[in-house]
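Remarks on the structure that follows.
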Amino acid sequence: MNILVINCGSSSLKFQVIDTDNGSVLAKGLCERIGIDGAITYQNVRDHGGKIKTKTQIEDHKKAISLVLDAITDPQGGVVKTLAEIGAVGHRIVHGGEKFTESTLIDDDVIQGIREVSDLAPLHNPANLTGILACRALMPNTPMVAVFDTSFHQTMPPKAYLYALPQKYYEKYRIRRYGFHGTSHKYVSRAVASFLGKKPEDLKTIVCHLGNGASVSAVEYGKCIDTSMGLTPLEGLIMGTRSGDVDPAVVSYIADKENITASEVIDILNKESGVEALSGGLSDFRDLWDARDRGDEKATLALDAWAYRVAKYIGAYVAAMNGVDVIAFTAGIGENDDKSRALIYQYLGYLGITIDDAKNAATHGDAAIISTPESKVTVVVYPTNEELAIAQDTLALVEGARKN
Ligand code: ADP
């Protein structure tokens with residue numbers, strides 16, 4: 001089945017057409033600056049086409065979706081003749097709250113449910129909903145599925161997801177830890193098990209999703225029991241521009257000293273912190289390593305602090321699961337950056353982990369075991385593929401509905 005995967009942000013929309021018969025990407029692209037001016041980038045991957053960027057007015061998400069549908073059905077560059085060849089649409093939804101514990105076929109009740117949890121992700125869920133409504137208007141008879149960033153983490157027990165706060169805040173506002181990147185943590189934990197010839201139900205796995213946004217999860221026998229992000233994606237690791245864990249008292253302290261509001265401080269913690277703040281302006285890890293190699297002390301500190309935090313979370317999750325069989329690295333940094341991975345390994349010797357340094361240095365973007373055969377824990381690099389995971393969930397639900 002050909003599935004259109006949509007990832008709608010507030011002013012952007014990423015898309016892919018995936019043939020689930022073989023998992024191949026037929027076409028992909030991006031609409032940018034929606035509501036500002038607009039541009040669409042499109043690539044016919046099936047026929048090895050290059051990226052084509054066209055500037056055009058994109059006043060809203062409906063216009064963006066209609067441009068996407070035009071591009072994929074275009075007689076020259078398209079990958080399907082008509083929209084009838086698109087069997088379903090899979091939508092990435094950032095927050096499913098406690099309501100959505102798994103991916104689901106979209107109907108009016110689901111749309112209402114996504115709306116109800118929008119308070120928890122005010123920047124993302126309304127944009128995701130706009131994408132759903134725009135698709136519905138233009139492809140009214142095509143089944144659609146919602147795949148949530150939070151749902152894989154809904155198996156966390158209360159001792160992991162509750163904050164030690166007055167429980168009225170949980171009861172009134174559902175303030176708790178949710179976790180994000182769930183599609184990636186689920187996909188990678190399962191794919192790594194099969195890569196190793198094992199079943200997820202037989203493994204204790206720690207997945208390190210290390211991109212610009214980053215999180216770690218503890219997956220015990222196939223189920224997530226803890227993850228580093230919380231109510232929002234701000235908690236946990238040091239990220240590109242996010243601080244990760246800080247003493248919450250920092251917020252009111254800065255607000256008072258700088259005469260700004262709490263939400264302005266949170267904005268600073270999300271957008272002006274992380275390795276970018278520690279290094280004095282660098283958030284891309286390639287730039288950080290260039291600077292470190294030149295002897296830049298701030299870049300050196302930023303990378304050391306980043307790796308130290310990842311290692312601390314790995315240690316915490318070894319304790320949470322009373323052991324670990326597999327540690328998996330994924331996403332932009334986890335897949336590509338052997339030197340940053342090596343900064344993390346230096347803390348893992350106590351687990352009996354030994355790394356094949358040559359294998360680590362040679363692994364960029366491919367699936368590979370990088371620990372030695374003697375290592376007590378298997379360390380793996382495995383590329384994530386959130387779009388494929390969304391397409392697979394979409395296919396399963398649409399086929400399941402057809403059979404019923
Ligand atoms: P996100 O989806 O959160 O934007 P990604 O998973 O795409 O993040 O990761 C992006 C980050 O990965 C970049 O900011 C960069 O730091 C890092 N990265 C990508 N490729 C490389 C590479 N070859 N070497 C080092 N770091 C890389």
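We name chains A, B, ... following the order of the structure tokens; residues begin at 1 in each chain, and ligands are numbered from 1 as shown.
Where the distance criterion is 7 Å and the atoms used are only C-alpha atoms and all ligand atoms, the residues close to ligand 1 are Leu210, Gly211, Asn212, Gly213, Ala214, Gly240, Ser283, Asp284, Phe285, Arg286, Ala331, Gly332, Ile333, Asn336 and Asp337 of chain A.
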Keeping N, CA and C atoms for every residue in the selection just given, could you write it to a file as a PDB file, in the first residue's frame?
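Below you can see again_27.pdb, which holds the result:
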ATOM      1  N   LEU A 210      19.556  10.360  20.134  1.00  0.00           N
ATOM      2  CA  LEU A 210      20.398  11.550  20.309  1.00  0.00           C
ATOM      3  C   LEU A 210      20.410  12.367  19.028  1.00  0.00           C
ATOM      4  N   GLY A 211      19.464  13.299  18.957  1.00  0.00           N
ATOM      5  CA  GLY A 211      19.425  14.240  17.841  1.00  0.00           C
ATOM      6  C   GLY A 211      19.520  15.632  18.427  1.00  0.00           C
ATOM      7  N   ASN A 212      19.024  16.605  17.683  1.00  0.00           N
ATOM      8  CA  ASN A 212      18.963  17.953  18.224  1.00  0.00           C
ATOM      9  C   ASN A 212      18.074  17.948  19.468  1.00  0.00           C
ATOM     10  N   GLY A 213      16.897  17.304  19.353  1.00  0.00           N
ATOM     11  CA  GLY A 213      16.121  16.920  20.535  1.00  0.00           C
ATOM     12  C   GLY A 213      16.596  15.521  20.917  1.00  0.00           C
ATOM     13  N   ALA A 214      16.662  15.222  22.214  1.00  0.00           N
ATOM     14  CA  ALA A 214      17.255  13.931  22.595  1.00  0.00           C
ATOM     15  C   ALA A 214      16.562  13.353  23.821  1.00  0.00           C
ATOM     16  N   GLY A 240      20.352  20.229  21.884  1.00  0.00           N
ATOM     17  CA  GLY A 240      20.926  21.281  21.050  1.00  0.00           C
ATOM     18  C   GLY A 240      20.735  22.645  21.693  1.00  0.00           C
ATOM     19  N   SER A 283      25.226  24.643  18.110  1.00  0.00           N
ATOM     20  CA  SER A 283      24.317  23.554  18.489  1.00  0.00           C
ATOM     21  C   SER A 283      24.513  22.324  17.612  1.00  0.00           C
ATOM     22  N   ASP A 284      25.126  22.483  16.432  1.00  0.00           N
ATOM     23  CA  ASP A 284      25.361  21.331  15.568  1.00  0.00           C
ATOM     24  C   ASP A 284      26.642  20.630  16.026  1.00  0.00           C
ATOM     25  N   PHE A 285      26.547  19.309  16.193  1.00  0.00           N
ATOM     26  CA  PHE A 285      27.679  18.586  16.771  1.00  0.00           C
ATOM     27  C   PHE A 285      28.914  18.587  15.860  1.00  0.00           C
ATOM     28  N   ARG A 286      28.718  18.736  14.547  1.00  0.00           N
ATOM     29  CA  ARG A 286      29.890  18.820  13.660  1.00  0.00           C
ATOM     30  C   ARG A 286      30.669  20.094  13.967  1.00  0.00           C
ATOM     31  N   ALA A 331      19.334   8.332  15.904  1.00  0.00           N
ATOM     32  CA  ALA A 331      19.091   9.743  15.532  1.00  0.00           C
ATOM     33  C   ALA A 331      20.409  10.407  15.095  1.00  0.00           C
ATOM     34  N   GLY A 332      20.307  11.660  14.670  1.00  0.00           N
ATOM     35  CA  GLY A 332      21.419  12.338  13.984  1.00  0.00           C
ATOM     36  C   GLY A 332      22.785  12.132  14.627  1.00  0.00           C
ATOM     37  N   ILE A 333      22.888  12.366  15.928  1.00  0.00           N
ATOM     38  CA  ILE A 333      24.173  12.233  16.610  1.00  0.00           C
ATOM     39  C   ILE A 333      24.464  10.754  16.906  1.00  0.00           C
ATOM     40  N   ASN A 336      25.496   8.984  13.653  1.00  0.00           N
ATOM     41  CA  ASN A 336      26.610   9.481  12.830  1.00  0.00           C
ATOM     42  C   ASN A 336      27.876   9.878  13.567  1.00  0.00           C
ATOM     43  N   ASP A 337      27.727  10.233  14.840  1.00  0.00           N
ATOM     44  CA  ASP A 337      28.842  10.923  15.496  1.00  0.00           C
ATOM     45  C   ASP A 337      29.614   9.961  16.400  1.00  0.00           C
TER      46      ASP A 337
END
May I have all residues of region 119-248 of chain A that DSSP, computed from the backbone, assigns to strand (DSSP E or B), given as a list of chain:residue names?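 Listing strand (DSSP E or B) positions across region 119-248 of chain A yields A:Met144, A:Val145, A:Ala146, A:Val147, A:Phe148, A:Lys204, A:Thr205, A:Ile206, A:Val207, A:Cys208, A:His209, A:Leu210, A:Ala214, A:Ser215, A:Val216, A:Ser217, A:Ala218, A:Val219, A:Glu220, A:Lys223, A:Cys224, A:Ile225, A:Asp226, A:Thr227.
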Restricting to only C-alpha atoms, whichever of A:Thr205, A:His48, A:Asp70, A:His124 is closest to Val25 (chain A) is A:His48
For the interface of region 87-146 of chain A with region 29-34 of chain A (cut-off 12 Å, counting only C-alpha atoms), please tabulate each contacting residue of region 87-146 of chain A alongside its nearest pair of atoms and their separation in Å to one decimal, rows sorted by chain and increasing number, as a tab-separated table.
residue	atom	partner	partner_atom	distance
A:Ala127	CA	A:Ile34	CA	11.0
A:Thr130	CA	A:Ile34	CA	11.9
A:Gly131	CA	A:Ile34	CA	11.8
Give me, please, the distance in Å between CA of Gly87 (chain A) and CA of Ile390 (chain A), quoted to one decimal.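 Going from CA of Gly87 (chain A) over to CA of Ile390 (chain A), I get 13.8 Å.
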Give me the residues within 9 Å of region 50-64 of chain A as an mmCIF file with all heavy atoms, in the first residue's frame, counting only C-alpha atoms and dropping any in the same chain fewer than 5 places off.
data_model
loop_
_atom_site.group_PDB
_atom_site.id
_atom_site.type_symbol
_atom_site.label_atom_id
_atom_site.label_comp_id
_atom_site.auth_asym_id
_atom_site.auth_seq_id
_atom_site.Cartn_x
_atom_site.Cartn_y
_atom_site.Cartn_z
ATOM 1 N N CYS A 8 3.118 17.606 10.611
ATOM 2 C CA CYS A 8 2.735 19.012 10.477
ATOM 3 C C CYS A 8 3.220 19.838 11.655
ATOM 4 O O CYS A 8 2.848 19.554 12.794
ATOM 5 C CB CYS A 8 1.206 19.046 10.451
ATOM 6 S SG CYS A 8 0.551 20.140 9.261
ATOM 7 N N SER A 10 3.933 24.071 13.161
ATOM 8 C CA SER A 10 3.097 25.263 13.124
ATOM 9 C C SER A 10 3.267 26.024 11.810
ATOM 10 O O SER A 10 2.302 26.545 11.271
ATOM 11 C CB SER A 10 3.391 26.158 14.319
ATOM 12 O OG SER A 10 4.763 26.413 14.384
ATOM 13 N N SER A 11 4.492 26.051 11.264
ATOM 14 C CA SER A 11 4.659 26.765 9.994
ATOM 15 C C SER A 11 5.342 25.897 8.936
ATOM 16 O O SER A 11 5.823 26.393 7.931
ATOM 17 C CB SER A 11 5.476 28.046 10.218
ATOM 18 O OG SER A 11 6.795 27.697 10.571
ATOM 19 N N SER A 12 5.409 24.588 9.203
ATOM 20 C CA SER A 12 6.041 23.696 8.225
ATOM 21 C C SER A 12 5.265 22.380 8.145
ATOM 22 O O SER A 12 4.453 22.075 9.022
ATOM 23 C CB SER A 12 7.488 23.407 8.628
ATOM 24 O OG SER A 12 7.511 22.581 9.768
ATOM 25 N N LEU A 13 5.519 21.643 7.082
ATOM 26 C CA LEU A 13 4.854 20.346 6.916
ATOM 27 C C LEU A 13 5.820 19.425 6.171
ATOM 28 O O LEU A 13 6.227 19.729 5.057
ATOM 29 C CB LEU A 13 3.560 20.558 6.116
ATOM 30 C CG LEU A 13 2.630 19.375 5.852
ATOM 31 C CD1 LEU A 13 1.237 19.898 5.522
ATOM 32 C CD2 LEU A 13 3.111 18.483 4.726
ATOM 33 N N GLY A 29 9.319 15.417 0.937
ATOM 34 C CA GLY A 29 9.500 16.859 0.793
ATOM 35 C C GLY A 29 9.053 17.624 2.017
ATOM 36 O O GLY A 29 8.780 17.051 3.074
ATOM 37 N N CYS A 31 7.020 21.531 3.122
ATOM 38 C CA CYS A 31 6.459 22.870 2.889
ATOM 39 C C CYS A 31 6.927 23.747 4.046
ATOM 40 O O CYS A 31 6.788 23.364 5.205
ATOM 41 C CB CYS A 31 4.936 22.846 2.873
ATOM 42 S SG CYS A 31 4.256 21.896 1.521
ATOM 43 N N GLU A 32 7.465 24.899 3.725
ATOM 44 C CA GLU A 32 8.013 25.781 4.751
ATOM 45 C C GLU A 32 7.327 27.141 4.737
ATOM 46 O O GLU A 32 6.733 27.511 3.739
ATOM 47 C CB GLU A 32 9.500 26.067 4.471
ATOM 48 C CG GLU A 32 10.410 24.900 4.576
ATOM 49 C CD GLU A 32 11.792 25.265 4.033
ATOM 50 O OE1 GLU A 32 11.988 25.162 2.811
ATOM 51 O OE2 GLU A 32 12.635 25.662 4.835
ATOM 52 N N ARG A 33 7.486 27.842 5.838
ATOM 53 C CA ARG A 33 7.022 29.223 5.956
ATOM 54 C C ARG A 33 5.543 29.364 5.604
ATOM 55 O O ARG A 33 5.133 30.323 4.940
ATOM 56 C CB ARG A 33 7.914 30.150 5.106
ATOM 57 C CG ARG A 33 9.370 30.117 5.569
ATOM 58 C CD ARG A 33 10.282 30.933 4.685
ATOM 59 N NE ARG A 33 9.916 32.341 4.657
ATOM 60 C CZ ARG A 33 10.284 33.245 5.574
ATOM 61 N NH1 ARG A 33 11.014 32.869 6.585
ATOM 62 N NH2 ARG A 33 9.916 34.494 5.460
ATOM 63 N N ILE A 34 4.756 28.357 6.102
ATOM 64 C CA ILE A 34 3.311 28.402 5.868
ATOM 65 C C ILE A 34 2.728 29.596 6.631
ATOM 66 O O ILE A 34 3.026 29.794 7.806
ATOM 67 C CB ILE A 34 2.647 27.082 6.350
ATOM 68 C CG1 ILE A 34 3.241 25.883 5.593
ATOM 69 C CG2 ILE A 34 1.134 27.131 6.204
ATOM 70 C CD1 ILE A 34 2.842 24.527 6.158
ATOM 71 N N GLY A 35 1.891 30.378 5.952
ATOM 72 C CA GLY A 35 1.283 31.546 6.590
ATOM 73 C C GLY A 35 2.191 32.766 6.585
ATOM 74 O O GLY A 35 1.794 33.840 7.026
ATOM 75 N N ILE A 36 3.439 32.596 6.131
ATOM 76 C CA ILE A 36 4.375 33.747 6.069
ATOM 77 C C ILE A 36 4.497 34.138 4.582
ATOM 78 O O ILE A 36 3.937 35.120 4.142
ATOM 79 C CB ILE A 36 5.750 33.391 6.673
ATOM 80 C CG1 ILE A 36 5.558 32.841 8.102
ATOM 81 C CG2 ILE A 36 6.672 34.606 6.660
ATOM 82 C CD1 ILE A 36 6.754 32.141 8.677
ATOM 83 N N ASP A 37 5.233 33.307 3.810
ATOM 84 C CA ASP A 37 5.192 33.451 2.351
ATOM 85 C C ASP A 37 5.048 32.047 1.749
ATOM 86 O O ASP A 37 3.995 31.688 1.295
ATOM 87 C CB ASP A 37 6.400 34.241 1.814
ATOM 88 C CG ASP A 37 7.708 33.905 2.539
ATOM 89 O OD1 ASP A 37 7.842 32.768 3.022
ATOM 90 O OD2 ASP A 37 8.573 34.773 2.624
ATOM 91 N N GLY A 38 6.102 31.251 1.835
ATOM 92 C CA GLY A 38 5.916 29.849 1.461
ATOM 93 C C GLY A 38 6.898 29.310 0.452
ATOM 94 O O GLY A 38 7.403 30.031 -0.423
ATOM 95 N N ALA A 39 7.241 28.006 0.610
ATOM 96 C CA ALA A 39 8.075 27.292 -0.364
ATOM 97 C C ALA A 39 7.818 25.806 -0.188
ATOM 98 O O ALA A 39 7.596 25.332 0.933
ATOM 99 C CB ALA A 39 9.554 27.591 -0.133
ATOM 100 N N ILE A 40 7.815 25.079 -1.302
ATOM 101 C CA ILE A 40 7.701 23.626 -1.221
ATOM 102 C C ILE A 40 8.949 22.998 -1.846
ATOM 103 O O ILE A 40 9.376 23.411 -2.927
ATOM 104 C CB ILE A 40 6.398 23.091 -1.882
ATOM 105 C CG1 ILE A 40 6.376 21.547 -1.863
ATOM 106 C CG2 ILE A 40 6.189 23.632 -3.285
ATOM 107 C CD1 ILE A 40 5.027 20.932 -2.212
ATOM 108 N N THR A 41 9.532 22.051 -1.120
ATOM 109 C CA THR A 41 10.654 21.268 -1.660
ATOM 110 C C THR A 41 10.137 19.861 -1.881
ATOM 111 O O THR A 41 9.527 19.269 -0.988
ATOM 112 C CB THR A 41 11.831 21.248 -0.663
ATOM 113 O OG1 THR A 41 12.177 22.590 -0.360
ATOM 114 C CG2 THR A 41 13.038 20.535 -1.255
ATOM 115 N N TYR A 42 10.382 19.333 -3.096
ATOM 116 C CA TYR A 42 9.839 18.015 -3.449
ATOM 117 C C TYR A 42 10.932 17.180 -4.093
ATOM 118 O O TYR A 42 11.735 17.681 -4.873
ATOM 119 C CB TYR A 42 8.668 18.192 -4.427
ATOM 120 C CG TYR A 42 8.125 16.875 -4.943
ATOM 121 C CD1 TYR A 42 7.303 16.088 -4.143
ATOM 122 C CD2 TYR A 42 8.449 16.414 -6.219
ATOM 123 C CE1 TYR A 42 6.811 14.873 -4.601
ATOM 124 C CE2 TYR A 42 7.959 15.199 -6.687
ATOM 125 C CZ TYR A 42 7.142 14.434 -5.870
ATOM 126 O OH TYR A 42 6.661 13.234 -6.318
ATOM 127 N N GLN A 43 10.923 15.889 -3.755
ATOM 128 C CA GLN A 43 11.910 14.984 -4.362
ATOM 129 C C GLN A 43 11.239 13.663 -4.732
ATOM 130 O O GLN A 43 10.641 13.001 -3.873
ATOM 131 C CB GLN A 43 13.050 14.717 -3.370
ATOM 132 C CG GLN A 43 14.173 13.900 -3.979
ATOM 133 C CD GLN A 43 15.320 13.681 -3.003
ATOM 134 O OE1 GLN A 43 15.179 13.882 -1.792
ATOM 135 N NE2 GLN A 43 16.451 13.248 -3.510
ATOM 136 N N ASN A 44 11.329 13.312 -5.991
ATOM 137 C CA ASN A 44 10.863 12.002 -6.446
ATOM 138 C C ASN A 44 12.017 11.019 -6.212
ATOM 139 O O ASN A 44 12.941 10.921 -7.005
ATOM 140 C CB ASN A 44 10.478 12.067 -7.931
ATOM 141 C CG ASN A 44 10.066 10.713 -8.479
ATOM 142 O OD1 ASN A 44 10.503 9.677 -7.999
ATOM 143 N ND2 ASN A 44 9.222 10.736 -9.500
ATOM 144 N N VAL A 45 11.956 10.342 -5.078
ATOM 145 C CA VAL A 45 13.068 9.463 -4.674
ATOM 146 C C VAL A 45 13.079 8.203 -5.545
ATOM 147 O O VAL A 45 14.144 7.711 -5.925
ATOM 148 C CB VAL A 45 12.927 9.090 -3.175
ATOM 149 C CG1 VAL A 45 14.082 8.202 -2.715
ATOM 150 C CG2 VAL A 45 12.851 10.345 -2.310
ATOM 151 N N LEU A 69 -0.321 17.184 -2.580
ATOM 152 C CA LEU A 69 -1.100 16.234 -3.389
ATOM 153 C C LEU A 69 -0.870 16.496 -4.879
ATOM 154 O O LEU A 69 -0.749 15.552 -5.669
ATOM 155 C CB LEU A 69 -2.593 16.328 -3.039
ATOM 156 C CG LEU A 69 -2.926 16.019 -1.568
ATOM 157 C CD1 LEU A 69 -4.435 16.080 -1.327
ATOM 158 C CD2 LEU A 69 -2.383 14.666 -1.129
ATOM 159 N N ALA A 127 -1.309 22.419 15.396
ATOM 160 C CA ALA A 127 -0.744 22.320 14.038
ATOM 161 C C ALA A 127 -1.014 20.929 13.471
ATOM 162 O O ALA A 127 -1.411 20.778 12.309
ATOM 163 C CB ALA A 127 0.750 22.604 14.065
ATOM 164 N N THR A 130 -4.560 20.750 12.365
ATOM 165 C CA THR A 130 -4.785 21.473 11.112
ATOM 166 C C THR A 130 -4.446 20.577 9.933
ATOM 167 O O THR A 130 -5.156 20.570 8.924
ATOM 168 C CB THR A 130 -3.883 22.731 11.044
ATOM 169 O OG1 THR A 130 -3.813 23.292 12.331
ATOM 170 C CG2 THR A 130 -4.395 23.753 10.088
ATOM 171 N N GLY A 131 -3.373 19.805 10.063
ATOM 172 C CA GLY A 131 -2.973 18.886 8.994
ATOM 173 C C GLY A 131 -4.034 17.813 8.762
ATOM 174 O O GLY A 131 -4.349 17.468 7.620
ATOM 175 N N LEU A 133 -7.276 18.019 9.453
ATOM 176 C CA LEU A 133 -8.503 18.606 8.890
ATOM 177 C C LEU A 133 -8.304 18.968 7.420
ATOM 178 O O LEU A 133 -9.199 18.764 6.578
ATOM 179 C CB LEU A 133 -8.925 19.834 9.704
ATOM 180 C CG LEU A 133 -9.311 19.494 11.160
ATOM 181 C CD1 LEU A 133 -9.598 20.750 11.960
ATOM 182 C CD2 LEU A 133 -10.511 18.543 11.222
ATOM 183 N N ALA A 134 -7.107 19.458 7.085
ATOM 184 C CA ALA A 134 -6.834 19.812 5.684
ATOM 185 C C ALA A 134 -6.843 18.560 4.811
ATOM 186 O O ALA A 134 -7.414 18.552 3.713
ATOM 187 C CB ALA A 134 -5.479 20.518 5.588
ATOM 188 N N CYS A 135 -6.265 17.472 5.283
ATOM 189 C CA CYS A 135 -6.252 16.212 4.520
ATOM 190 C C CYS A 135 -7.658 15.679 4.347
ATOM 191 O O CYS A 135 -8.033 15.179 3.292
ATOM 192 C CB CYS A 135 -5.449 15.157 5.271
ATOM 193 S SG CYS A 135 -3.799 14.995 4.677
ATOM 194 N N ALA A 137 -10.404 17.322 4.263
ATOM 195 C CA ALA A 137 -11.176 18.119 3.301
ATOM 196 C C ALA A 137 -10.807 17.731 1.869
ATOM 197 O O ALA A 137 -11.662 17.706 0.986
ATOM 198 C CB ALA A 137 -10.904 19.603 3.542
ATOM 199 N N LEU A 138 -9.517 17.406 1.651
ATOM 200 C CA LEU A 138 -9.066 17.159 0.279
ATOM 201 C C LEU A 138 -9.119 15.683 -0.115
ATOM 202 O O LEU A 138 -9.131 15.354 -1.298
ATOM 203 C CB LEU A 138 -7.634 17.695 0.100
ATOM 204 C CG LEU A 138 -7.524 19.221 0.243
ATOM 205 C CD1 LEU A 138 -6.086 19.645 0.441
ATOM 206 C CD2 LEU A 138 -8.121 19.922 -0.978
#
Spatial neighbours of Val246 (chain A), 12 Å, only C-alpha atoms, chain gap at least 2 places, as a ChimeraX atom specification: /A:234-238,242-244,248-251,266,269-270,273-274,309
Now that the selection is made, can you save its residues with C-alpha atoms as an mmCIF file, in the first residue's frame?
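Output below, filename result_33.cif:
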data_model
loop_
_atom_site.group_PDB
_atom_site.id
_atom_site.type_symbol
_atom_site.label_atom_id
_atom_site.label_comp_id
_atom_site.auth_asym_id
_atom_site.auth_seq_id
_atom_site.Cartn_x
_atom_site.Cartn_y
_atom_site.Cartn_z
ATOM 1 C CA LEU A 234 12.313 19.968 28.061
ATOM 2 C CA GLU A 235 13.161 17.423 30.772
ATOM 3 C CA GLY A 236 16.139 15.071 30.720
ATOM 4 C CA LEU A 237 19.225 15.278 28.549
ATOM 5 C CA ILE A 238 21.172 18.371 27.552
ATOM 6 C CA ARG A 242 17.243 22.735 25.488
ATOM 7 C CA SER A 243 18.677 22.706 29.004
ATOM 8 C CA GLY A 244 17.237 19.335 30.042
ATOM 9 C CA PRO A 248 12.865 24.307 38.900
ATOM 10 C CA ALA A 249 13.771 27.137 41.300
ATOM 11 C CA VAL A 250 16.022 28.460 38.513
ATOM 12 C CA VAL A 251 12.881 29.599 36.692
ATOM 13 C CA ILE A 266 10.911 28.453 29.884
ATOM 14 C CA LEU A 269 15.383 26.934 28.595
ATOM 15 C CA ASN A 270 13.896 25.519 25.368
ATOM 16 C CA SER A 273 20.162 26.744 26.333
ATOM 17 C CA GLY A 274 21.712 23.280 25.895
ATOM 18 C CA ARG A 309 24.274 13.583 31.227
#
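The closest residue to Gly315 (chain A), picked from A:Ala218, A:Lys257, A:Thr300, A:Ser263 and counting only C-alpha atoms, is A:Ala218.
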DSSP-assigned alpha helix (DSSP H) members of region 187-362 of chain A, reported as a ChimeraX atom specification: /A:187-195,249-258,262-271,274-279,285-293,297-321,331-336,338-345,357-362
Go ahead and write the selection's residues with C-alpha atoms as a compact mmCIF listing (two decimals), in the first residue's frame.
# COMPACT_ATOMS: atom_id res chain seq x y z
CA TYR A 187 10.82 1.27 16.31
CA VAL A 188 14.48 1.10 17.34
CA SER A 189 13.96 -1.19 20.37
CA ARG A 190 12.06 -3.68 18.17
CA ALA A 191 14.27 -3.39 15.10
CA VAL A 192 17.43 -3.84 17.18
CA ALA A 193 16.02 -7.03 18.75
CA SER A 194 15.33 -8.48 15.33
CA PHE A 195 18.76 -7.27 14.06
CA ALA A 249 13.77 27.14 41.30
CA VAL A 250 16.02 28.46 38.51
CA VAL A 251 12.88 29.60 36.69
CA SER A 252 11.57 32.02 39.32
CA TYR A 253 15.11 33.14 40.20
CA ILE A 254 15.86 34.22 36.61
CA ALA A 255 12.35 35.65 36.20
CA ASP A 256 12.81 37.85 39.31
CA LYS A 257 16.34 38.95 38.48
CA GLU A 258 15.64 39.71 34.80
CA ALA A 262 8.10 32.33 33.93
CA SER A 263 7.03 31.41 30.41
CA GLU A 264 9.75 33.67 29.00
CA VAL A 265 12.30 31.79 31.12
CA ILE A 266 10.91 28.45 29.88
CA ASP A 267 11.35 29.77 26.35
CA ILE A 268 15.01 30.47 27.17
CA LEU A 269 15.38 26.93 28.59
CA ASN A 270 13.90 25.52 25.37
CA LYS A 271 15.50 27.72 22.74
CA GLY A 274 21.71 23.28 25.89
CA VAL A 275 25.06 22.75 24.17
CA GLU A 276 24.45 25.97 22.24
CA ALA A 277 24.51 27.97 25.47
CA LEU A 278 27.44 26.08 27.03
CA SER A 279 29.55 26.40 23.88
CA PHE A 285 27.68 18.59 16.77
CA ARG A 286 29.89 18.82 13.66
CA ASP A 287 30.58 22.46 14.54
CA LEU A 288 31.16 21.56 18.18
CA TRP A 289 33.79 18.96 17.23
CA ASP A 290 35.51 21.35 14.82
CA ALA A 291 35.75 23.88 17.64
CA ARG A 292 36.90 21.26 20.16
CA ASP A 293 39.57 20.07 17.73
CA GLU A 297 37.36 25.22 25.84
CA LYS A 298 33.65 26.05 25.79
CA ALA A 299 32.91 23.55 23.01
CA THR A 300 34.93 20.95 24.93
CA LEU A 301 32.89 21.60 28.07
CA ALA A 302 29.59 21.49 26.15
CA LEU A 303 30.38 18.06 24.67
CA ASP A 304 31.65 16.71 28.01
CA ALA A 305 28.55 17.93 29.86
CA TRP A 306 26.29 16.49 27.15
CA ALA A 307 27.95 13.04 27.29
CA TYR A 308 28.04 13.03 31.10
CA ARG A 309 24.27 13.58 31.23
CA VAL A 310 23.60 10.78 28.73
CA ALA A 311 25.83 8.44 30.79
CA LYS A 312 24.00 9.35 33.99
CA TYR A 313 20.65 8.45 32.41
CA ILE A 314 22.05 5.16 31.12
CA GLY A 315 23.22 4.38 34.67
CA ALA A 316 19.79 5.26 36.07
CA TYR A 317 18.04 2.97 33.61
CA VAL A 318 20.41 0.08 34.28
CA ALA A 319 19.29 0.45 37.91
CA ALA A 320 15.61 0.78 36.93
CA MET A 321 15.75 -2.52 35.01
CA ALA A 331 19.09 9.74 15.53
CA GLY A 332 21.42 12.34 13.98
CA ILE A 333 24.17 12.23 16.61
CA GLY A 334 23.65 8.64 17.79
CA GLU A 335 23.86 7.30 14.25
CA ASN A 336 26.61 9.48 12.83
CA ASP A 338 31.36 8.26 16.58
CA LYS A 339 33.37 10.75 18.63
CA SER A 340 30.37 11.81 20.74
CA ARG A 341 29.42 8.15 21.22
CA ALA A 342 32.98 7.50 22.43
CA LEU A 343 32.62 10.26 25.04
CA ILE A 344 29.70 8.29 26.49
CA TYR A 345 31.47 4.89 26.47
CA ASP A 357 37.01 1.30 18.60
CA ALA A 358 37.65 0.69 14.90
CA LYS A 359 34.09 -0.51 14.38
CA ASN A 360 32.75 2.51 16.26
CA ALA A 361 34.86 4.91 14.20
CA ALA A 362 33.68 3.30 10.96
